[in-house]
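**Q** Sharing a structure, written as structure tokens. Questions coming.
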Amino acid sequence: MEGKEEDVRLGANRYRERQPIGTAAQSQDTKDYQEPPPAPIFEPGELSSWSFYRAGIAEFVATFLFLYITVLTVMGVAKSPTKCSTVGIQGIAWAFGGMIFALVYCTAGISGGHINPAVTFGLLLARKLSLTRAVFYMIMQCLGAICGAAVVKGFQENQYERLGGGANTISHGYTKGDGLGAEIVGTFVLVYTVFSATDAKRNARDSHVPILAPLPIGFAVFLVHLATIPITGTGINPARSLGAALIYNKDWIFWVGPFIGAALAALYHQIVIRAIPFKSK
């Protein structure tokens, strides 16, 4: 019996906490983490690399699928006179958030899984990728969004025109200023989550806390849609807004807000959270 008690005592103390957590972890050396150098503005070698074009194709296909699924979901809700017989606002939010979760998971290892020009713009400002790659990504994202909306219209043109084509509009009772504010804050939430979920230093410091990056990113998209669908239908993705607007032939005003929100999130993360400008050289 005494031997068993000794085994219990040793077992309780054999595996002590090896990794400090909370504020204690922030004072450690973060496992010899080295801040990577900022990406160059222009990197000529990228243009001769197949991986560069493969990443662009991945962004195109991901944004194409994103628009196809989400536009159909929005149209399905708009089709019914009573929202009780459809997935409703919650279903739309789940469609957007769930698709981002799935597509980021599928493409993160190839292109980084941006699927959004605002995300690409924020990462460009933080010098996480070159201007060459950022412009290429944005072009492929917009083309993918346009093609995704076009395929939906091609399958059911009459319903597409009648149901609004999933295009963003400012709801009755709200001004353009209200819509702009909603887009700025919503995109800030998304891009801030992207920075936090993909922060290499945080992953090194908190390696004992596993983070599946697509999950918080998709969940952020879901929550933002719940909050802003009643205001603007939720843009926070210029490619999504552009693709639906061009195919449906409506005016679009959902580029300025997302880019402002992305820029603010990039500045907040780099200056306040990471304090990179203040690090000793």
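Lettering and numbering for the structure tokens are positional, with chains as A, B, ... in the shown order, residues counted from 1 in each chain, and ligands counted from 1 in the shown order.
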Residues of region 38-175 of chain A in alpha helix (DSSP H) according to DSSP, as a VMD selection string?
**A** chain A and resid 50 to 79 88 to 107 117 to 125 131 to 155 157 to 163
**Q** Find the residues around Thr73 (chain A) up to 9 Å (only C-alpha atoms counted), leave out those fewer than 2 positions away in its own chain, and share them as a PDB file with N, CA, C and O atoms, in the first residue's frame.
**A**
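Ended up saving to part-v7.pdb:
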ATOM      1  N   TYR A  68     -19.905  31.060 -55.450  1.00  0.00           N
ATOM      2  CA  TYR A  68     -20.935  30.144 -55.933  1.00  0.00           C
ATOM      3  C   TYR A  68     -21.834  29.670 -54.787  1.00  0.00           C
ATOM      4  O   TYR A  68     -23.066  29.749 -54.875  1.00  0.00           O
ATOM      5  N   ILE A  69     -21.247  29.205 -53.714  1.00  0.00           N
ATOM      6  CA  ILE A  69     -22.027  28.675 -52.592  1.00  0.00           C
ATOM      7  C   ILE A  69     -22.782  29.779 -51.863  1.00  0.00           C
ATOM      8  O   ILE A  69     -23.976  29.647 -51.551  1.00  0.00           O
ATOM      9  N   THR A  70     -22.111  30.888 -51.587  1.00  0.00           N
ATOM     10  CA  THR A  70     -22.740  31.928 -50.773  1.00  0.00           C
ATOM     11  C   THR A  70     -23.840  32.675 -51.529  1.00  0.00           C
ATOM     12  O   THR A  70     -24.878  33.010 -50.943  1.00  0.00           O
ATOM     13  N   VAL A  71     -23.636  32.933 -52.814  1.00  0.00           N
ATOM     14  CA  VAL A  71     -24.685  33.608 -53.591  1.00  0.00           C
ATOM     15  C   VAL A  71     -25.928  32.733 -53.678  1.00  0.00           C
ATOM     16  O   VAL A  71     -27.060  33.215 -53.542  1.00  0.00           O
ATOM     17  N   MET A  75     -29.629  33.775 -52.248  1.00  0.00           N
ATOM     18  CA  MET A  75     -30.794  33.723 -53.126  1.00  0.00           C
ATOM     19  C   MET A  75     -31.862  32.788 -52.569  1.00  0.00           C
ATOM     20  O   MET A  75     -33.058  33.059 -52.684  1.00  0.00           O
ATOM     21  N   GLY A  76     -31.436  31.697 -51.954  1.00  0.00           N
ATOM     22  CA  GLY A  76     -32.407  30.764 -51.369  1.00  0.00           C
ATOM     23  C   GLY A  76     -33.210  31.399 -50.258  1.00  0.00           C
ATOM     24  O   GLY A  76     -34.409  31.144 -50.114  1.00  0.00           O
ATOM     25  N   VAL A  77     -32.559  32.261 -49.464  1.00  0.00           N
ATOM     26  CA  VAL A  77     -33.267  32.964 -48.397  1.00  0.00           C
ATOM     27  C   VAL A  77     -34.186  34.032 -48.981  1.00  0.00           C
ATOM     28  O   VAL A  77     -35.330  34.200 -48.543  1.00  0.00           O
ATOM     29  N   ALA A  78     -33.695  34.756 -49.987  1.00  0.00           N
ATOM     30  CA  ALA A  78     -34.500  35.820 -50.597  1.00  0.00           C
ATOM     31  C   ALA A  78     -35.695  35.268 -51.368  1.00  0.00           C
ATOM     32  O   ALA A  78     -36.693  35.969 -51.566  1.00  0.00           O
ATOM     33  N   VAL A  87     -32.988  28.946 -44.343  1.00  0.00           N
ATOM     34  CA  VAL A  87     -31.946  28.932 -43.311  1.00  0.00           C
ATOM     35  C   VAL A  87     -31.843  30.274 -42.603  1.00  0.00           C
ATOM     36  O   VAL A  87     -31.250  30.380 -41.525  1.00  0.00           O
ATOM     37  N   GLY A  91     -28.310  31.090 -41.236  1.00  0.00           N
ATOM     38  CA  GLY A  91     -27.821  30.163 -42.251  1.00  0.00           C
ATOM     39  C   GLY A  91     -26.879  30.839 -43.234  1.00  0.00           C
ATOM     40  O   GLY A  91     -25.878  30.240 -43.659  1.00  0.00           O
ATOM     41  N   ILE A  92     -27.206  32.077 -43.607  1.00  0.00           N
ATOM     42  CA  ILE A  92     -26.317  32.831 -44.499  1.00  0.00           C
ATOM     43  C   ILE A  92     -24.968  33.043 -43.830  1.00  0.00           C
ATOM     44  O   ILE A  92     -23.902  32.859 -44.437  1.00  0.00           O
ATOM     45  N   ALA A  95     -23.049  29.914 -43.874  1.00  0.00           N
ATOM     46  CA  ALA A  95     -22.541  29.603 -45.216  1.00  0.00           C
ATOM     47  C   ALA A  95     -21.253  30.372 -45.493  1.00  0.00           C
ATOM     48  O   ALA A  95     -20.269  29.801 -45.988  1.00  0.00           O
ATOM     49  N   GLY A 166     -27.521  38.197 -54.926  1.00  0.00           N
ATOM     50  CA  GLY A 166     -26.604  38.196 -53.793  1.00  0.00           C
ATOM     51  C   GLY A 166     -25.774  39.453 -53.663  1.00  0.00           C
ATOM     52  O   GLY A 166     -24.795  39.490 -52.910  1.00  0.00           O
TER      53      GLY A 166
END
**Q** Which value, in Å to one decimal, gives the distance between CA of Pro230 (chain A) and CA of Phe254 (chain A)?
**A**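 A separation of 15.1 Å between them.
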**Q** Record the distance separating CA of Cys142 (chain A) and CA of Thr234 (chain A), expressed in Å with one decimal.
**A**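 For CA of Cys142 (chain A) relative to CA of Thr234 (chain A), the distance reads 17.0 Å.
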**Q** Could I get the residues of region 164-219 of chain A with an atom no further than 12 Å from an atom of region 127-134 of chain A, each paired with its nearest atom pair and that distance in Å to one decimal, using only C-alpha atoms, sorted by chain and residue number, as CSV?
**A**
residue,atom,partner,partner_atom,distance
A:Phe195,CA,A:Lys128,CA,10.2
A:Thr198,CA,A:Lys128,CA,11.0
A:Asp199,CA,A:Lys128,CA,10.8
A:Ala200,CA,A:Lys128,CA,11.4
**Q** Can you tell me, as a ChimeraX atom specification, what residues are no more than 12 Å from Leu123 (chain A) when counting only C-alpha atoms, ignoring any on the same chain fewer than 4 positions away?
**A** /A:38-39,112-114,116-119,127-131,133-135,137,191-192,194-196,198-199,259,262-267,269-270
**Q** Okay, now the selection with N, CA and C atoms, as a CSV table (one decimal), in the first residue's frame?
**A**
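Listing of out05.csv after writing:
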chain,number,residue,atom,x,y,z
A,38,PRO,N,11.1,41.7,-43.6
A,38,PRO,CA,9.9,42.1,-44.3
A,38,PRO,C,10.0,41.6,-45.8
A,39,ALA,N,8.9,41.3,-46.4
A,39,ALA,CA,8.9,40.9,-47.8
A,39,ALA,C,9.3,42.1,-48.7
A,112,GLY,N,-1.7,30.7,-48.8
A,112,GLY,CA,-2.0,31.4,-47.6
A,112,GLY,C,-3.5,31.5,-47.3
A,113,GLY,N,-4.3,31.2,-48.3
A,113,GLY,CA,-5.7,31.2,-48.1
A,113,GLY,C,-6.3,32.5,-47.8
A,114,HIS,N,-6.0,33.5,-48.6
A,114,HIS,CA,-6.5,34.9,-48.4
A,114,HIS,C,-8.0,35.0,-48.8
A,116,ASN,N,-9.7,37.0,-50.2
A,116,ASN,CA,-10.2,38.3,-49.9
A,116,ASN,C,-9.2,39.4,-50.2
A,117,PRO,N,-9.5,40.4,-51.1
A,117,PRO,CA,-8.5,41.4,-51.4
A,117,PRO,C,-8.1,42.3,-50.1
A,118,ALA,N,-9.1,42.4,-49.2
A,118,ALA,CA,-8.8,43.2,-48.0
A,118,ALA,C,-7.8,42.5,-47.1
A,119,VAL,N,-7.9,41.2,-47.0
A,119,VAL,CA,-6.9,40.4,-46.3
A,119,VAL,C,-5.6,40.5,-46.9
A,127,ARG,N,3.9,44.0,-44.7
A,127,ARG,CA,5.1,43.4,-45.4
A,127,ARG,C,5.2,41.9,-45.2
A,128,LYS,N,4.1,41.2,-45.3
A,128,LYS,CA,4.1,39.8,-45.2
A,128,LYS,C,4.2,39.1,-46.6
A,129,LEU,N,3.9,39.9,-47.6
A,129,LEU,CA,4.1,39.4,-49.0
A,129,LEU,C,4.4,40.6,-49.9
A,130,SER,N,5.0,40.3,-51.1
A,130,SER,CA,5.4,41.3,-52.0
A,130,SER,C,4.3,42.0,-52.7
A,131,LEU,N,4.5,43.2,-53.2
A,131,LEU,CA,3.5,43.9,-53.9
A,131,LEU,C,3.1,43.1,-55.2
A,133,ARG,N,3.0,39.9,-55.6
A,133,ARG,CA,2.1,38.8,-55.3
A,133,ARG,C,0.8,39.3,-54.8
A,134,ALA,N,0.7,40.4,-54.1
A,134,ALA,CA,-0.5,41.0,-53.6
A,134,ALA,C,-1.4,41.4,-54.8
A,135,VAL,N,-0.8,42.1,-55.8
A,135,VAL,CA,-1.6,42.5,-57.0
A,135,VAL,C,-2.1,41.3,-57.7
A,137,TYR,N,-2.7,38.3,-56.6
A,137,TYR,CA,-3.8,37.7,-55.8
A,137,TYR,C,-5.1,38.4,-55.9
A,191,VAL,N,-9.7,40.9,-40.3
A,191,VAL,CA,-8.2,41.0,-40.6
A,191,VAL,C,-7.4,40.9,-39.3
A,192,TYR,N,-7.9,41.5,-38.2
A,192,TYR,CA,-7.3,41.3,-36.9
A,192,TYR,C,-7.2,39.9,-36.5
A,194,VAL,N,-7.2,37.3,-38.6
A,194,VAL,CA,-6.2,36.7,-39.5
A,194,VAL,C,-4.8,36.9,-39.0
A,195,PHE,N,-4.5,38.1,-38.6
A,195,PHE,CA,-3.1,38.4,-38.1
A,195,PHE,C,-2.9,37.6,-36.8
A,196,SER,N,-3.8,37.5,-35.9
A,196,SER,CA,-3.6,36.8,-34.6
A,196,SER,C,-3.5,35.3,-34.8
A,198,THR,N,-2.5,33.7,-37.4
A,198,THR,CA,-1.4,33.2,-38.2
A,198,THR,C,-0.1,33.8,-37.7
A,199,ASP,N,-0.1,34.4,-36.5
A,199,ASP,CA,1.1,35.1,-36.0
A,199,ASP,C,2.2,34.0,-35.6
A,259,PHE,N,-11.1,48.1,-47.2
A,259,PHE,CA,-9.6,48.4,-47.3
A,259,PHE,C,-9.2,49.3,-46.1
A,262,ALA,N,-9.0,46.9,-43.1
A,262,ALA,CA,-7.8,46.1,-43.2
A,262,ALA,C,-6.6,46.8,-42.9
A,263,ALA,N,-6.5,48.1,-43.3
A,263,ALA,CA,-5.3,48.9,-43.0
A,263,ALA,C,-5.2,49.2,-41.5
A,264,LEU,N,-6.4,49.5,-40.9
A,264,LEU,CA,-6.4,49.7,-39.4
A,264,LEU,C,-6.0,48.5,-38.7
A,265,ALA,N,-6.5,47.3,-39.1
A,265,ALA,CA,-6.1,46.1,-38.4
A,265,ALA,C,-4.6,45.8,-38.5
A,266,ALA,N,-4.1,46.0,-39.7
A,266,ALA,CA,-2.6,45.8,-39.9
A,266,ALA,C,-1.8,46.7,-39.1
A,267,LEU,N,-2.2,48.0,-39.0
A,267,LEU,CA,-1.4,48.9,-38.2
A,267,LEU,C,-1.6,48.6,-36.7
A,269,HIS,N,-2.1,45.6,-35.3
A,269,HIS,CA,-1.4,44.4,-35.0
A,269,HIS,C,0.1,44.6,-35.0
A,270,GLN,N,0.6,45.3,-36.0
A,270,GLN,CA,2.0,45.5,-36.1
A,270,GLN,C,2.6,46.5,-35.1
**Q** Identify, on the basis of only C-alpha atoms, every residue whose closest approach to Val152 (chain A) does not exceed 10 Å; exclude the query and any residue fewer than 2 positions from it along the same chain; express the result as an NGL selection string.
**A** :A and (67-69 or 71-72 or 75 or 147-150 or 154-157 or 159-160 or 165 or 244 or 247)
**Q** Let's have the selection written as a compact mmCIF listing (two decimals), in the first residue's frame, with N, CA, C and O atoms.
**A**
# COMPACT_ATOMS: atom_id res chain seq x y z
N LEU A 67 -17.98 32.33 -53.87
CA LEU A 67 -19.11 33.09 -54.43
C LEU A 67 -20.24 32.17 -54.84
O LEU A 67 -21.43 32.48 -54.62
N TYR A 68 -19.90 31.06 -55.45
CA TYR A 68 -20.93 30.14 -55.93
C TYR A 68 -21.83 29.67 -54.79
O TYR A 68 -23.07 29.75 -54.87
N ILE A 69 -21.25 29.20 -53.71
CA ILE A 69 -22.03 28.68 -52.59
C ILE A 69 -22.78 29.78 -51.86
O ILE A 69 -23.98 29.65 -51.55
N VAL A 71 -23.64 32.93 -52.81
CA VAL A 71 -24.68 33.61 -53.59
C VAL A 71 -25.93 32.73 -53.68
O VAL A 71 -27.06 33.22 -53.54
N LEU A 72 -25.74 31.44 -53.89
CA LEU A 72 -26.89 30.54 -53.92
C LEU A 72 -27.62 30.53 -52.57
O LEU A 72 -28.85 30.47 -52.52
N MET A 75 -29.63 33.77 -52.25
CA MET A 75 -30.79 33.72 -53.13
C MET A 75 -31.86 32.79 -52.57
O MET A 75 -33.06 33.06 -52.68
N CYS A 147 -16.49 35.04 -61.92
CA CYS A 147 -16.86 33.77 -62.55
C CYS A 147 -17.84 32.98 -61.68
O CYS A 147 -18.78 32.36 -62.19
N GLY A 148 -17.65 33.01 -60.37
CA GLY A 148 -18.56 32.30 -59.48
C GLY A 148 -19.98 32.84 -59.57
O GLY A 148 -20.95 32.07 -59.65
N ALA A 149 -20.11 34.17 -59.55
CA ALA A 149 -21.43 34.78 -59.67
C ALA A 149 -22.01 34.54 -61.06
O ALA A 149 -23.22 34.33 -61.22
N ALA A 150 -21.16 34.55 -62.09
CA ALA A 150 -21.63 34.33 -63.46
C ALA A 150 -22.18 32.93 -63.64
O ALA A 150 -23.18 32.72 -64.35
N GLY A 154 -25.81 31.89 -64.82
CA GLY A 154 -25.98 31.03 -65.99
C GLY A 154 -26.90 29.86 -65.71
O GLY A 154 -27.65 29.42 -66.59
N PHE A 155 -26.87 29.34 -64.51
CA PHE A 155 -27.72 28.22 -64.15
C PHE A 155 -29.18 28.62 -63.99
O PHE A 155 -30.08 27.85 -64.34
N GLN A 156 -29.43 29.80 -63.45
CA GLN A 156 -30.80 30.24 -63.17
C GLN A 156 -30.91 31.75 -63.35
O GLN A 156 -31.02 32.48 -62.38
N GLU A 157 -30.89 32.16 -64.58
CA GLU A 157 -30.82 33.61 -64.88
C GLU A 157 -32.04 34.36 -64.39
O GLU A 157 -31.93 35.45 -63.83
N GLN A 159 -34.24 33.72 -61.97
CA GLN A 159 -34.26 33.85 -60.51
C GLN A 159 -33.12 34.75 -60.02
O GLN A 159 -33.28 35.48 -59.05
N TYR A 160 -31.99 34.68 -60.69
CA TYR A 160 -30.86 35.51 -60.30
C TYR A 160 -31.22 36.99 -60.37
O TYR A 160 -30.95 37.75 -59.44
N GLY A 165 -29.38 38.58 -56.98
CA GLY A 165 -28.05 38.09 -57.30
C GLY A 165 -27.05 38.10 -56.16
O GLY A 165 -25.85 38.01 -56.38
N ALA A 244 -20.52 39.91 -57.38
CA ALA A 244 -21.98 39.93 -57.37
C ALA A 244 -22.53 41.19 -58.02
O ALA A 244 -23.52 41.16 -58.75
N ILE A 247 -22.01 41.20 -62.09
CA ILE A 247 -22.88 40.26 -62.79
C ILE A 247 -24.34 40.68 -62.67
O ILE A 247 -25.13 40.55 -63.59
**Q** Find the residues around Gly261 (chain A) up to 6 Å (only C-alpha atoms counted), leave out those fewer than 3 positions away in its own chain, and share them as number ranges by chain.
**A** A: 184, 187-188, 258, 264
**Q** Atoms to include: N, CA, C and O atoms. Write the selected residues as a JSON list (two decimals), in the first residue's frame.
**A**
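The resulting file, again_39.json, is shown below:
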[["chain", "number", "residue", "atom", "x", "y", "z"],
["A", 184, "ILE", "N", -16.11, 48.94, -42.28],
["A", 184, "ILE", "CA", -14.79, 49.18, -41.70],
["A", 184, "ILE", "C", -14.58, 48.32, -40.45],
["A", 184, "ILE", "O", -13.58, 47.62, -40.32],
["A", 187, "THR", "N", -14.54, 44.49, -41.27],
["A", 187, "THR", "CA", -13.29, 44.04, -41.88],
["A", 187, "THR", "C", -12.15, 44.09, -40.88],
["A", 187, "THR", "O", -11.24, 43.25, -40.92],
["A", 188, "PHE", "N", -12.17, 45.06, -39.98],
["A", 188, "PHE", "CA", -11.16, 45.12, -38.92],
["A", 188, "PHE", "C", -11.19, 43.84, -38.10],
["A", 188, "PHE", "O", -10.14, 43.25, -37.81],
["A", 258, "PRO", "N", -13.86, 48.00, -46.58],
["A", 258, "PRO", "CA", -12.97, 46.88, -46.26],
["A", 258, "PRO", "C", -11.49, 47.23, -46.29],
["A", 258, "PRO", "O", -10.72, 46.75, -45.46],
["A", 264, "LEU", "N", -6.37, 49.48, -40.88],
["A", 264, "LEU", "CA", -6.38, 49.73, -39.44],
["A", 264, "LEU", "C", -5.98, 48.48, -38.66],
["A", 264, "LEU", "O", -5.24, 48.56, -37.67]]
**Q** Between CA of Gln90 (chain A) and CA of Val224 (chain A), what is the distance, to one decimal in Å?
**A**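 Computed distance, CA of Gln90 (chain A) to CA of Val224 (chain A), equals 11.2 Å.
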**Q** Pick out the closest residue to Tyr105 (chain A) from this set: A:Gly45, A:Gly173, A:Pro216, A:Pro37. Count only C-alpha atoms.
**A**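 For Tyr105 (chain A), the nearest of the given residues is A:Pro216.
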**Q** Could you name the residues that touch Ala93 (chain A) at 7 Å or less, counting only C-alpha atoms, but leaving out those on the same chain fewer than 4 positions away, as a list of chain:residue names?
**A**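 Everything that qualifies: A:Ile89, A:Gly97, A:Phe222, A:His225, A:Leu226.
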